[in-house]
$ cat data.cif   # mmCIF, C-alpha atoms
data_upload
loop_
_atom_site.label_atom_id
_atom_site.label_comp_id
_atom_site.auth_asym_id
_atom_site.auth_seq_id
_atom_site.Cartn_x
_atom_site.Cartn_y
_atom_site.Cartn_z
CA MET D 1 -9.93 158.74 133.27
CA PRO D 2 -8.31 156.78 130.40
CA TRP D 3 -6.40 158.93 127.94
CA ARG D 4 -8.30 157.68 124.87
CA TYR D 5 -11.63 158.53 126.44
CA THR D 6 -10.42 161.97 127.47
CA MET D 7 -9.05 162.70 124.00
CA GLY D 8 -12.34 161.59 122.51
CA CYS D 9 -14.22 163.98 124.79
CA TYR D 10 -11.79 166.79 123.99
CA LEU D 11 -11.96 166.34 120.22
CA GLY D 12 -15.72 165.80 120.19
CA GLY D 13 -16.34 168.93 122.25
CA ALA D 14 -13.89 171.01 120.22
CA ALA D 15 -15.40 169.86 116.92
CA ALA D 16 -18.97 170.59 118.07
CA ALA D 17 -18.13 174.04 119.43
CA ARG D 18 -16.10 175.04 116.38
CA ALA D 19 -18.70 173.70 113.93
CA GLY D 20 -21.34 175.73 115.76
CA ASP D 21 -19.13 178.79 115.55
CA GLU D 22 -18.44 178.30 111.82
CA MET D 23 -22.17 177.77 111.27
CA SER D 24 -23.24 180.84 113.25
CA GLY D 25 -21.60 183.37 110.89
CA PRO D 26 -23.41 182.28 107.70
CA ALA D 27 -26.59 181.77 109.72
CA LEU D 28 -26.50 185.36 111.02
CA LEU D 29 -25.75 186.62 107.50
CA LEU D 30 -28.97 184.94 106.41
CA ALA D 31 -31.07 185.77 109.47
CA GLY D 32 -30.24 189.49 109.60
CA PRO D 33 -31.89 190.50 106.30
CA VAL D 34 -34.84 188.14 106.90
CA LEU D 35 -35.71 189.64 110.29
CA THR D 36 -34.82 193.29 109.63
CA GLY D 37 -35.41 193.71 105.90
CA SER D 38 -31.98 195.32 105.52
CA PRO D 39 -29.36 193.49 103.45
CA SER D 40 -26.57 195.20 105.42
CA SER D 41 -27.70 193.89 108.81
CA GLY D 42 -26.10 190.45 108.44
CA PRO D 43 -22.61 191.75 107.57
CA ALA D 44 -22.87 194.32 110.39
CA LEU D 45 -23.58 191.58 112.94
CA LEU D 46 -20.73 189.44 111.65
CA ALA D 47 -18.34 192.41 111.75
CA GLY D 48 -19.35 193.08 115.36
CA ILE D 49 -18.61 189.50 116.39
CA MET D 50 -15.28 189.30 114.54
CA GLY D 51 -14.09 192.72 115.67
CA ALA D 52 -14.80 191.97 119.31
CA ALA D 53 -13.14 188.56 119.07
CA ALA D 54 -9.96 190.33 118.05
CA VAL D 55 -10.07 192.31 121.31
CA GLY D 56 -11.35 189.77 123.81
CA GLY D 57 -8.60 187.16 123.48
CA PRO D 58 -5.89 188.62 125.74
CA LEU D 59 -8.22 189.30 128.68
CA PHE D 60 -9.94 185.93 128.45
CA GLY D 61 -6.54 184.26 128.31
CA VAL D 62 -5.50 185.98 131.55
CA LEU D 63 -8.68 184.80 133.27
CA LEU D 64 -8.12 181.28 131.95
CA ASP D 65 -4.56 181.18 133.28
CA ARG D 66 -5.63 182.46 136.70
CA SER D 67 -8.50 179.99 137.06
CA ALA D 68 -8.15 176.91 139.28
CA ARG D 69 -10.66 175.14 136.97
CA PRO D 70 -10.12 176.57 133.49
CA GLY D 71 -12.44 173.98 131.94
CA ARG D 72 -15.36 175.34 133.90
CA LEU D 73 -14.50 178.90 132.92
CA LEU D 74 -14.35 177.72 129.31
CA ALA D 75 -17.78 176.09 129.65
CA VAL D 76 -19.24 179.31 131.07
CA ALA D 77 -17.76 181.27 128.17
CA LEU D 78 -19.29 178.85 125.66
CA ALA D 79 -22.68 179.10 127.39
CA LEU D 80 -22.53 182.91 127.33
CA TYR D 81 -21.50 182.86 123.66
CA ALA D 82 -24.48 180.66 122.80
CA ALA D 83 -26.77 182.87 124.89
CA GLY D 84 -25.42 185.91 123.04
CA LEU D 85 -26.31 184.35 119.69
CA ALA D 86 -29.82 183.61 120.97
CA ALA D 87 -30.20 187.18 122.25
CA ILE D 88 -29.12 188.56 118.87
CA VAL D 89 -31.78 186.59 117.03
CA MET D 90 -34.47 187.44 119.58
CA GLY D 91 -33.58 191.12 119.33
CA LEU D 92 -33.55 191.40 115.53
CA GLY D 93 -36.59 193.37 114.41
CA ARG D 94 -37.75 193.87 118.02
CA VAL D 95 -35.15 196.24 119.50
CA PRO D 96 -33.07 199.00 117.87
CA PHE D 97 -30.53 197.45 115.54
CA ALA D 98 -27.66 199.30 117.23
CA LEU D 99 -28.45 197.40 120.44
CA THR D 100 -28.37 194.12 118.53
CA VAL D 101 -24.93 195.00 117.17
CA LEU D 102 -23.80 195.66 120.76
CA LEU D 103 -25.03 192.18 121.66
CA ALA D 104 -22.94 190.81 118.79
CA VAL D 105 -19.89 192.68 120.11
CA GLY D 106 -20.48 191.26 123.59
CA ALA D 107 -20.76 187.72 122.24
CA GLY D 108 -17.71 188.20 120.05
CA LEU D 109 -15.53 188.99 123.05
CA LEU D 110 -15.84 185.31 123.97
CA GLY D 111 -15.03 184.02 120.47
CA PRO D 112 -11.37 183.14 121.28
CA ALA D 113 -12.65 180.66 123.88
CA LEU D 114 -13.72 178.36 121.05
CA SER D 115 -10.33 178.45 119.35
CA GLY D 116 -7.26 179.36 121.37
CA GLY D 117 -8.89 178.90 124.77
CA TRP D 118 -9.80 175.29 124.07
CA THR D 119 -6.51 174.41 122.40
CA SER D 120 -4.50 175.83 125.33
CA GLN D 121 -5.87 173.03 127.52
CA LEU D 122 -4.60 170.21 125.28
CA PRO D 123 -1.39 169.45 127.27
CA ARG D 124 -3.60 168.63 130.27
CA VAL D 125 -5.39 165.98 128.20
CA ALA D 126 -2.65 164.40 126.08
CA PRO D 127 0.56 162.98 127.59
CA PRO D 128 3.82 164.57 126.29
CA PRO D 129 4.68 161.69 123.92
CA GLY D 130 1.27 161.95 122.27
CA LEU D 131 1.08 165.74 122.14
CA PRO D 132 2.30 166.16 118.51
CA ARG D 133 -0.34 163.76 117.20
CA ALA D 134 -3.00 165.27 119.48
CA THR D 135 -2.09 168.73 118.17
CA ALA D 136 -2.60 167.59 114.58
CA LEU D 137 -5.96 166.07 115.51
CA ASP D 138 -6.96 169.28 117.28
CA ALA D 139 -6.11 171.30 114.16
CA MET D 140 -8.28 168.90 112.16
CA THR D 141 -11.33 169.99 114.17
CA PHE D 142 -10.91 173.48 112.70
CA SER D 143 -10.85 172.09 109.17
CA LEU D 144 -13.81 169.83 109.90
CA ALA D 145 -15.76 172.76 111.30
CA ALA D 146 -14.91 174.91 108.27
CA LEU D 147 -16.12 172.09 106.02
CA VAL D 148 -19.32 171.22 107.87
CA GLY D 149 -20.43 174.52 109.44
CA PRO D 150 -21.23 176.71 106.40
CA ALA D 151 -22.68 173.79 104.44
CA LEU D 152 -24.93 172.85 107.36
CA ALA D 153 -26.03 176.48 107.76
CA GLY D 154 -27.07 176.62 104.10
CA ALA D 155 -28.84 173.25 104.23
CA VAL D 156 -30.80 174.03 107.41
CA ALA D 157 -31.68 177.56 106.25
CA GLY D 158 -32.93 176.18 102.94
CA ALA D 159 -35.04 173.52 104.62
CA ALA D 160 -36.34 175.28 107.74
CA GLY D 161 -35.32 178.94 107.53
CA ALA D 162 -32.50 181.15 108.79
CA LEU D 163 -33.74 181.12 112.39
CA ALA D 164 -33.46 177.33 112.45
CA ALA D 165 -29.88 177.60 111.20
CA VAL D 166 -28.96 179.88 114.11
CA ALA D 167 -30.74 177.53 116.52
CA VAL D 168 -28.73 174.55 115.27
CA SER D 169 -25.47 176.48 115.65
CA ILE D 170 -26.43 177.29 119.25
CA ALA D 171 -27.28 173.64 119.88
CA LEU D 172 -23.89 172.51 118.57
CA ILE D 173 -22.10 174.90 120.92
CA GLY D 174 -24.30 173.61 123.74
CA LEU D 175 -23.25 170.04 122.98
CA ALA D 176 -19.67 171.03 123.77
CA LEU D 177 -20.42 172.23 127.31
CA PRO D 178 -19.98 168.87 129.12
CA ALA D 179 -16.63 168.24 127.42
CA ALA D 180 -15.42 171.71 128.39
CA TRP D 181 -16.66 171.43 131.98
CA ALA D 182 -14.87 168.09 132.45
CA LEU D 183 -11.45 169.28 131.21
CA PRO D 184 -8.73 168.36 133.74
CA ALA D 185 -7.65 171.00 136.22
CA PRO D 186 -4.00 172.12 136.33
CA ALA D 187 -1.76 170.01 138.52
CA ARG D 188 -0.85 172.00 141.62
CA SER D 189 1.75 171.03 144.20
CA THR D 190 0.54 173.66 146.70
CA PRO D 191 -2.93 174.67 147.89
CA VAL D 192 -4.74 177.07 145.60
CA GLN D 193 -4.15 180.69 146.67
CA PRO D 194 -5.37 183.98 145.25
CA PRO D 195 -3.08 185.22 142.46
CA ALA D 196 -0.23 187.35 143.77
CA THR D 197 -0.19 189.59 140.69
CA SER D 198 -2.86 191.83 139.21
CA VAL D 199 -4.73 191.14 135.99
CA VAL D 200 -2.89 194.05 134.38
CA ALA D 201 0.47 192.59 135.42
CA ASP D 202 -0.43 189.18 134.02
CA LEU D 203 -1.70 190.76 130.81
CA THR D 204 1.55 192.70 130.43
CA ALA D 205 3.62 189.59 131.15
CA GLY D 206 1.78 187.55 128.52
CA LEU D 207 2.13 190.20 125.83
CA ARG D 208 5.80 190.57 126.70
CA VAL D 209 6.41 186.84 126.33
CA ILE D 210 4.74 186.79 122.91
CA ALA D 211 6.69 189.85 121.75
CA HIS D 212 10.14 189.02 123.14
CA HIS D 213 10.45 185.23 123.30
CA ARG D 214 12.01 184.66 119.90
CA PRO D 215 10.33 181.44 118.71
CA LEU D 216 6.91 182.69 119.84
CA ALA D 217 7.44 186.14 118.32
CA ARG D 218 8.50 184.66 114.97
CA ALA D 219 5.65 182.15 114.84
CA THR D 220 3.06 184.75 115.88
CA ALA D 221 4.23 187.41 113.42
CA THR D 222 4.48 184.91 110.56
CA SER D 223 1.02 183.47 111.20
CA VAL D 224 -0.64 186.88 111.51
CA VAL D 225 0.84 188.17 108.24
CA SER D 226 -0.05 184.87 106.59
CA CYS D 227 -3.63 185.26 107.86
CA VAL D 228 -3.86 188.60 106.03
CA GLY D 229 -3.13 186.71 102.81
CA GLN D 230 -5.54 183.92 103.73
CA GLY D 231 -8.33 186.42 104.39
CA ALA D 232 -7.65 188.06 101.05
CA LEU D 233 -7.70 184.73 99.25
CA LEU D 234 -10.92 183.64 100.98
CA THR D 235 -12.69 186.75 99.70
CA CYS D 236 -11.62 185.88 96.15
CA TRP D 237 -13.14 182.37 96.03
CA PRO D 238 -16.78 183.40 95.28
CA PRO D 239 -15.89 185.75 92.38
CA LEU D 240 -13.44 183.12 91.11
CA GLY D 241 -16.27 180.59 91.12
CA ALA D 242 -18.35 182.98 89.04
CA ALA D 243 -15.56 183.94 86.63
CA VAL D 244 -13.93 180.54 86.09
CA LEU D 245 -16.52 177.90 86.99
CA GLY D 246 -19.68 179.64 85.84
CA GLY D 247 -21.40 180.48 89.12
CA ALA D 248 -20.77 182.37 92.36
CA ASP D 249 -22.37 179.52 94.29
CA ARG D 250 -19.48 177.32 93.15
CA GLY D 251 -17.21 179.57 95.19
CA ALA D 252 -18.73 177.90 98.25
CA LEU D 253 -17.66 174.56 96.82
CA LEU D 254 -14.12 175.92 96.54
CA LEU D 255 -14.23 176.79 100.25
CA SER D 256 -15.39 173.27 101.08
CA ALA D 257 -12.64 171.78 98.93
CA THR D 258 -10.06 173.90 100.74
CA ALA D 259 -11.29 172.66 104.13
CA ALA D 260 -11.34 169.05 102.90
CA SER D 261 -7.79 169.35 101.62
CA ALA D 262 -6.64 170.77 104.98
CA LEU D 263 -8.38 167.90 106.77
CA VAL D 264 -6.66 165.28 104.62
CA ALA D 265 -3.25 166.94 104.97
CA ASN D 266 -3.45 166.98 108.76
CA ALA D 267 -4.73 163.41 108.83
CA VAL D 268 -1.67 162.31 106.87
CA LEU D 269 0.69 164.25 109.14
CA SER D 270 -0.94 162.91 112.30
CA ARG D 271 -0.14 159.33 111.23
CA ARG D 272 3.57 159.97 110.70
CA PRO D 273 5.66 158.52 113.54
CA ARG D 274 8.18 161.36 113.23
CA PRO D 275 6.48 164.50 111.91
CA PRO D 276 8.63 167.36 110.57
CA ARG D 277 9.65 170.22 112.85
CA PRO D 278 6.73 172.61 113.31
CA ASP D 279 8.90 175.63 112.46
CA THR D 280 9.71 174.03 109.08
CA VAL D 281 6.02 173.30 108.45
CA LEU D 282 5.07 176.88 109.31
CA LEU D 283 7.53 178.23 106.75
CA GLY D 284 6.59 175.60 104.15
CA GLY D 285 2.91 176.46 104.50
CA ALA D 286 3.60 180.14 103.80
CA LEU D 287 5.70 179.22 100.76
CA LEU D 288 2.88 177.09 99.33
CA LEU D 289 0.41 179.90 99.98
CA VAL D 290 2.54 182.24 97.88
CA LEU D 291 2.01 179.92 94.91
CA ALA D 292 -1.71 179.16 95.36
CA PRO D 293 -3.12 182.67 94.59
CA LEU D 294 -0.82 183.00 91.59
CA LEU D 295 -2.15 179.71 90.20
CA ALA D 296 -5.72 180.90 90.75
CA ALA D 297 -4.95 184.20 88.99
CA THR D 298 -4.30 182.36 85.71
CA GLY D 299 -8.06 181.86 85.34
CA HIS D 300 -7.73 178.27 84.13
CA PRO D 301 -10.12 175.77 85.77
CA ALA D 302 -7.45 173.11 86.34
CA ALA D 303 -5.08 175.70 87.85
CA LEU D 304 -7.90 176.95 90.08
CA ILE D 305 -8.62 173.45 91.42
CA ALA D 306 -4.88 172.95 92.03
CA ALA D 307 -4.78 176.28 93.88
CA VAL D 308 -7.69 175.25 96.10
CA LEU D 309 -6.11 171.91 97.03
CA LEU D 310 -2.74 173.55 97.57
CA THR D 311 -4.31 176.15 99.85
CA GLY D 312 -5.88 173.53 102.09
CA ALA D 313 -2.72 171.40 102.10
CA ALA D 314 -0.80 174.46 103.33
CA GLU D 315 -3.29 175.97 105.80
CA GLY D 316 -4.09 172.77 107.69
CA PRO D 317 -0.53 171.73 108.61
CA GLN D 318 0.44 175.38 109.14
CA LEU D 319 -2.22 175.70 111.85
CA ALA D 320 -1.12 172.46 113.52
CA ALA D 321 2.50 173.66 113.41
CA LEU D 322 1.57 176.97 115.01
CA PHE D 323 -0.20 175.13 117.84
CA ALA D 324 2.82 172.87 118.32
CA ILE D 325 5.17 175.87 118.61
CA ARG D 326 2.90 177.51 121.17
CA HIS D 327 2.65 174.31 123.21
CA ARG D 328 6.43 173.95 123.09
CA GLU D 329 7.36 177.53 123.93
CA ALA D 330 4.57 179.02 126.06
CA PRO D 331 5.22 179.18 129.83
CA GLU D 332 2.65 177.09 131.69
CA ARG D 333 1.43 180.04 133.73
CA LEU D 334 0.75 182.10 130.58
CA ARG D 335 -0.33 179.34 128.20
CA GLY D 336 -3.97 180.41 127.92
CA GLN D 337 -3.06 184.00 127.18
CA VAL D 338 -0.51 183.01 124.54
CA PHE D 339 -3.16 180.98 122.70
CA THR D 340 -6.09 183.39 123.01
CA THR D 341 -4.00 186.47 122.19
CA GLY D 342 -2.58 184.65 119.17
CA ALA D 343 -6.13 183.80 118.08
CA SER D 344 -7.17 187.44 118.42
CA LEU D 345 -4.23 188.65 116.35
CA LYS D 346 -4.96 186.09 113.64
CA ILE D 347 -8.63 187.12 113.51
CA THR D 348 -7.53 190.72 113.11
CA GLY D 349 -5.14 189.81 110.29
CA PHE D 350 -7.79 187.71 108.57
CA ALA D 351 -10.35 190.52 108.74
CA LEU D 352 -7.87 193.05 107.36
CA GLY D 353 -7.02 190.77 104.45
CA ALA D 354 -10.69 190.15 103.67
CA ALA D 355 -11.46 193.87 103.72
CA LEU D 356 -8.45 194.69 101.54
CA ALA D 357 -9.25 192.04 98.94
CA GLY D 358 -12.95 192.90 98.97
CA ALA D 359 -12.12 196.41 97.81
CA LEU D 360 -9.47 195.29 95.32
CA ALA D 361 -11.52 192.47 93.79
CA THR D 362 -14.12 194.94 92.48
CA TRP D 363 -11.33 196.65 90.58
CA SER D 364 -9.23 193.65 89.55
CA LEU D 365 -9.67 190.08 90.70
CA PRO D 366 -6.19 189.01 89.51
CA GLY D 367 -4.79 192.06 91.31
CA ALA D 368 -6.45 190.97 94.55
CA LEU D 369 -4.97 187.48 94.12
CA VAL D 370 -1.51 188.88 93.53
CA VAL D 371 -1.86 190.94 96.72
CA ALA D 372 -2.85 187.76 98.59
CA GLY D 373 0.27 186.03 97.29
CA GLY D 374 2.34 189.09 98.19
CA CYS D 375 1.10 188.94 101.78
CA GLU D 376 2.24 185.32 101.98
CA ALA D 377 5.63 186.28 100.53
CA LEU D 378 5.87 188.91 103.25
CA ALA D 379 5.07 186.19 105.83
CA VAL D 380 8.00 184.16 104.47
CA LEU D 381 10.22 187.22 104.74
CA VAL D 382 9.10 187.80 108.34
CA PHE D 383 9.94 184.20 109.24
CA VAL D 384 13.38 184.40 107.63
CA CYS D 385 14.30 187.78 109.09
CA LEU D 386 13.12 187.30 112.65
CA PRO D 387 15.47 185.29 114.91
CA GLY D 388 14.00 181.97 115.98
CA THR D 389 16.65 180.62 118.32
CA ALA D 390 15.19 179.47 121.62
CA GLU D 391 16.05 181.61 124.58
CA ALA D 392 15.10 181.83 128.19
CA VAL D 393 11.71 183.41 128.73
CA ALA D 394 11.94 186.86 130.26
CA PRO D 395 11.30 186.80 134.00
CA LEU D 396 7.75 187.44 135.13
CA PRO D 397 6.96 190.53 137.19
CA PRO D 398 7.38 190.14 140.93
CA PRO D 399 4.23 189.58 143.02
CA GLY D 400 2.20 192.73 143.31
CA ALA D 401 3.82 194.42 140.32
CA VAL D 402 1.63 196.17 137.80
#
$ encode --input "data.cif" --output "structure tokens"
Amino acid sequence: MPWRYTMGCYLGGAAAARAGDEMSGPALLLAGPVLTGSPSSGPALLAGIMGAAAVGGPLFGVLLDRSARPGRLLAVALALYAAGLAAIVMGLGRVPFALTVLLAVGAGLLGPALSGGWTSQLPRVAPPPGLPRATALDAMTFSLAALVGPALAGAVAGAAGALAAVAVSIALIGLALPAAWALPAPARSTPVQPPATSVVADLTAGLRVIAHHRPLARATATSVVSCVGQGALLTCWPPLGAAVLGGADRGALLLSATAASALVANAVLSRRPRPPRPDTVLLGGALLLVLAPLLAATGHPAALIAAVLLTGAAEGPQLAALFAIRHREAPERLRGQVFTTGASLKITGFALGAALAGALATWSLPGALVVAGGCEALAVLVFVCLPGTAEAVAPLPPPGAV
């Protein structure tokens, strides 16, 4: 299959799946109160999905690495995720709400398949010389999804209702199934044999690589701490829209502007013949994200717009840089686990930051913004203090070890 066609399938499938995922959260937030009459039902469903996604990544990564056809496993995960969303909507108002939350938790376990699981397969699609540009394009699908998904959820819900918004998000995930199913299989020089190690041994080996391989450990720790700050900053956009721009609904426009800025920044980087080192970009993104919340805290409209654009210009390339480091450093046998575990840790950090800022913003919005900037400063400190010199990856456990 020609490389251009394969990359087109990869990017199209990734964009559709991630847009459906970004759309599903706002759609569930709208559908929950409509179908149950309780305003807290939507946030509870979203918390169930996000919390489970933070747990499911490592195990799904192990299964992905052990699979002879990871693309097909990825397609099955996407199908089950879409089915879980459908079951949630069908259960709302018809079965006990606690059972519906359990369905959300079950669906959320597969969430990392749409992010880290898909990205881990990129080296099997793009040749080594084109991998840096392909990585930047892959990161752009996240920004595109963040830009399109919530806006589409609001538009569809306004025109046809919240149930229609969930249905469209499911359809978008379904559109990605053929692209996932057709992903190339790993090249194998020997006949496929059952794995010699247990799932527990592989899980331990993957976590050990992330924790002890210096470049991976530094990139993972920096990105997770940075995600705490990003989650805190995200929570501040709606009240900033109300306080500075005259309406909480304009906070959604700030989110869209952030995603658009990230998209543009990655598009510019992807066209550079010699992009900067990903480690440098990761650090630079954290430095810019220290400044953005402080600009927003001034309360001036021009400073707020600058903060929004600066946030996107930092987050987009930072994500692409993180992917590039993982592609460069992850052992082939553990690649899926490195990506899905990293996605789970980032989701956890993001949720912690959002919860922290949500509580602080009711007391002091500038205080919450300063905390967001402080988290990014801590991410810079983590990057500087942790050693990043490449070293040999620790040996994997012998066959049969647990």
$ atom_distance --input "data.cif" --atom1 "atom CA of Thr220 of chain D" --atom2 "atom CA of Phe142 of chain D"
18.2 Å
$ closest_residue --input "data.cif" --among "D:Gly91, D:Gly32, D:Pro112, D:Gly117" --to "Leu45 of chain D" --atoms "only C-alpha atoms"
D:Gly32
$ closest_residue --input "data.cif" --among "D:Ala286, D:Met23, D:Leu35, D:Ala136" --to "Glu376 of chain D" --atoms "all atoms listed in the file"
D:Ala286
$ residues_around --input "data.cif" --residues "Thr258 of chain D" --least-positions-apart "2" --cutoff "7 Å" --atoms "all atoms listed in the file" --output "PyMOL selection string"
chain D and resi 254-256+260-262+308-309+311-312
$ resolve_selection --input "data.cif" --expression "the PyMOL selection byres ((chain D and resi 329-336) around 8)" --output "JSON, numbers by chain"
{"D": [61, 62, 64, 65, 116, 117, 120, 121, 202, 206, 215, 216, 325, 326, 327, 328, 337, 338, 339, 340, 393]}
$ closest_residue --input "data.cif" --among "D:Ala297, D:Ala257, D:Leu245, D:Ala355" --to "Leu147 of chain D" --atoms "only C-alpha atoms"
D:Ala257
$ build_atoms --input "data.cif" --residues "segment 236-256 of chain D" --atoms "N, CA, C and O atoms" --output "short mmCIF file (atom, residue, chain, number, x, y, z; two decimals), keeping the file's coordinate frame"
data_model
loop_
_atom_site.label_atom_id
_atom_site.label_comp_id
_atom_site.auth_asym_id
_atom_site.auth_seq_id
_atom_site.Cartn_x
_atom_site.Cartn_y
_atom_site.Cartn_z
N CYS D 236 -11.68 186.04 97.61
CA CYS D 236 -11.62 185.88 96.15
C CYS D 236 -12.31 184.62 95.65
O CYS D 236 -12.59 184.52 94.44
N TRP D 237 -12.57 183.64 96.53
CA TRP D 237 -13.14 182.37 96.03
C TRP D 237 -14.50 182.54 95.36
O TRP D 237 -14.73 182.00 94.27
N PRO D 238 -15.49 183.27 95.97
CA PRO D 238 -16.78 183.40 95.28
C PRO D 238 -16.69 184.06 93.90
O PRO D 238 -17.24 183.51 92.93
N PRO D 239 -15.99 185.21 93.75
CA PRO D 239 -15.89 185.75 92.38
C PRO D 239 -15.10 184.85 91.44
O PRO D 239 -15.37 184.84 90.23
N LEU D 240 -14.15 184.08 91.97
CA LEU D 240 -13.44 183.12 91.11
C LEU D 240 -14.40 182.03 90.64
O LEU D 240 -14.33 181.58 89.49
N GLY D 241 -15.29 181.58 91.53
CA GLY D 241 -16.27 180.59 91.12
C GLY D 241 -17.15 181.10 90.00
O GLY D 241 -17.47 180.37 89.05
N ALA D 242 -17.52 182.39 90.09
CA ALA D 242 -18.35 182.98 89.04
C ALA D 242 -17.58 183.16 87.74
O ALA D 242 -18.09 182.88 86.65
N ALA D 243 -16.34 183.61 87.83
CA ALA D 243 -15.56 183.94 86.63
C ALA D 243 -15.01 182.72 85.93
O ALA D 243 -14.94 182.68 84.69
N VAL D 244 -14.63 181.69 86.69
CA VAL D 244 -13.93 180.54 86.09
C VAL D 244 -14.83 179.32 85.97
O VAL D 244 -14.76 178.58 84.97
N LEU D 245 -15.71 179.12 86.97
CA LEU D 245 -16.52 177.90 86.99
C LEU D 245 -17.97 178.13 86.62
O LEU D 245 -18.76 177.21 86.60
N GLY D 246 -18.34 179.38 86.36
CA GLY D 246 -19.68 179.64 85.84
C GLY D 246 -20.74 179.94 86.86
O GLY D 246 -21.92 180.04 86.52
N GLY D 247 -20.39 180.15 88.13
CA GLY D 247 -21.40 180.48 89.12
C GLY D 247 -20.79 180.85 90.45
O GLY D 247 -19.86 180.17 90.92
N ALA D 248 -21.30 181.95 91.07
CA ALA D 248 -20.77 182.37 92.36
C ALA D 248 -21.01 181.33 93.44
O ALA D 248 -20.24 181.21 94.39
N ASP D 249 -22.10 180.55 93.29
CA ASP D 249 -22.37 179.52 94.29
C ASP D 249 -21.27 178.46 94.31
O ASP D 249 -21.06 177.78 95.32
N ARG D 250 -20.57 178.30 93.19
CA ARG D 250 -19.48 177.32 93.15
C ARG D 250 -18.26 177.80 93.93
O ARG D 250 -17.36 177.01 94.21
N GLY D 251 -18.24 179.10 94.29
CA GLY D 251 -17.21 179.57 95.19
C GLY D 251 -17.31 178.91 96.55
O GLY D 251 -16.29 178.66 97.22
N ALA D 252 -18.55 178.61 96.99
CA ALA D 252 -18.73 177.90 98.25
C ALA D 252 -18.15 176.49 98.16
O ALA D 252 -17.61 175.97 99.14
N LEU D 253 -18.26 175.88 96.99
CA LEU D 253 -17.66 174.56 96.82
C LEU D 253 -16.14 174.64 96.91
O LEU D 253 -15.48 173.72 97.41
N LEU D 254 -15.56 175.74 96.42
CA LEU D 254 -14.12 175.92 96.54
C LEU D 254 -13.70 176.01 98.01
O LEU D 254 -12.68 175.46 98.42
N LEU D 255 -14.51 176.71 98.82
CA LEU D 255 -14.23 176.79 100.25
C LEU D 255 -14.28 175.41 100.90
O LEU D 255 -13.43 175.06 101.72
N SER D 256 -15.27 174.62 100.52
CA SER D 256 -15.39 173.27 101.08
C SER D 256 -14.21 172.40 100.65
O SER D 256 -13.68 171.62 101.45
#
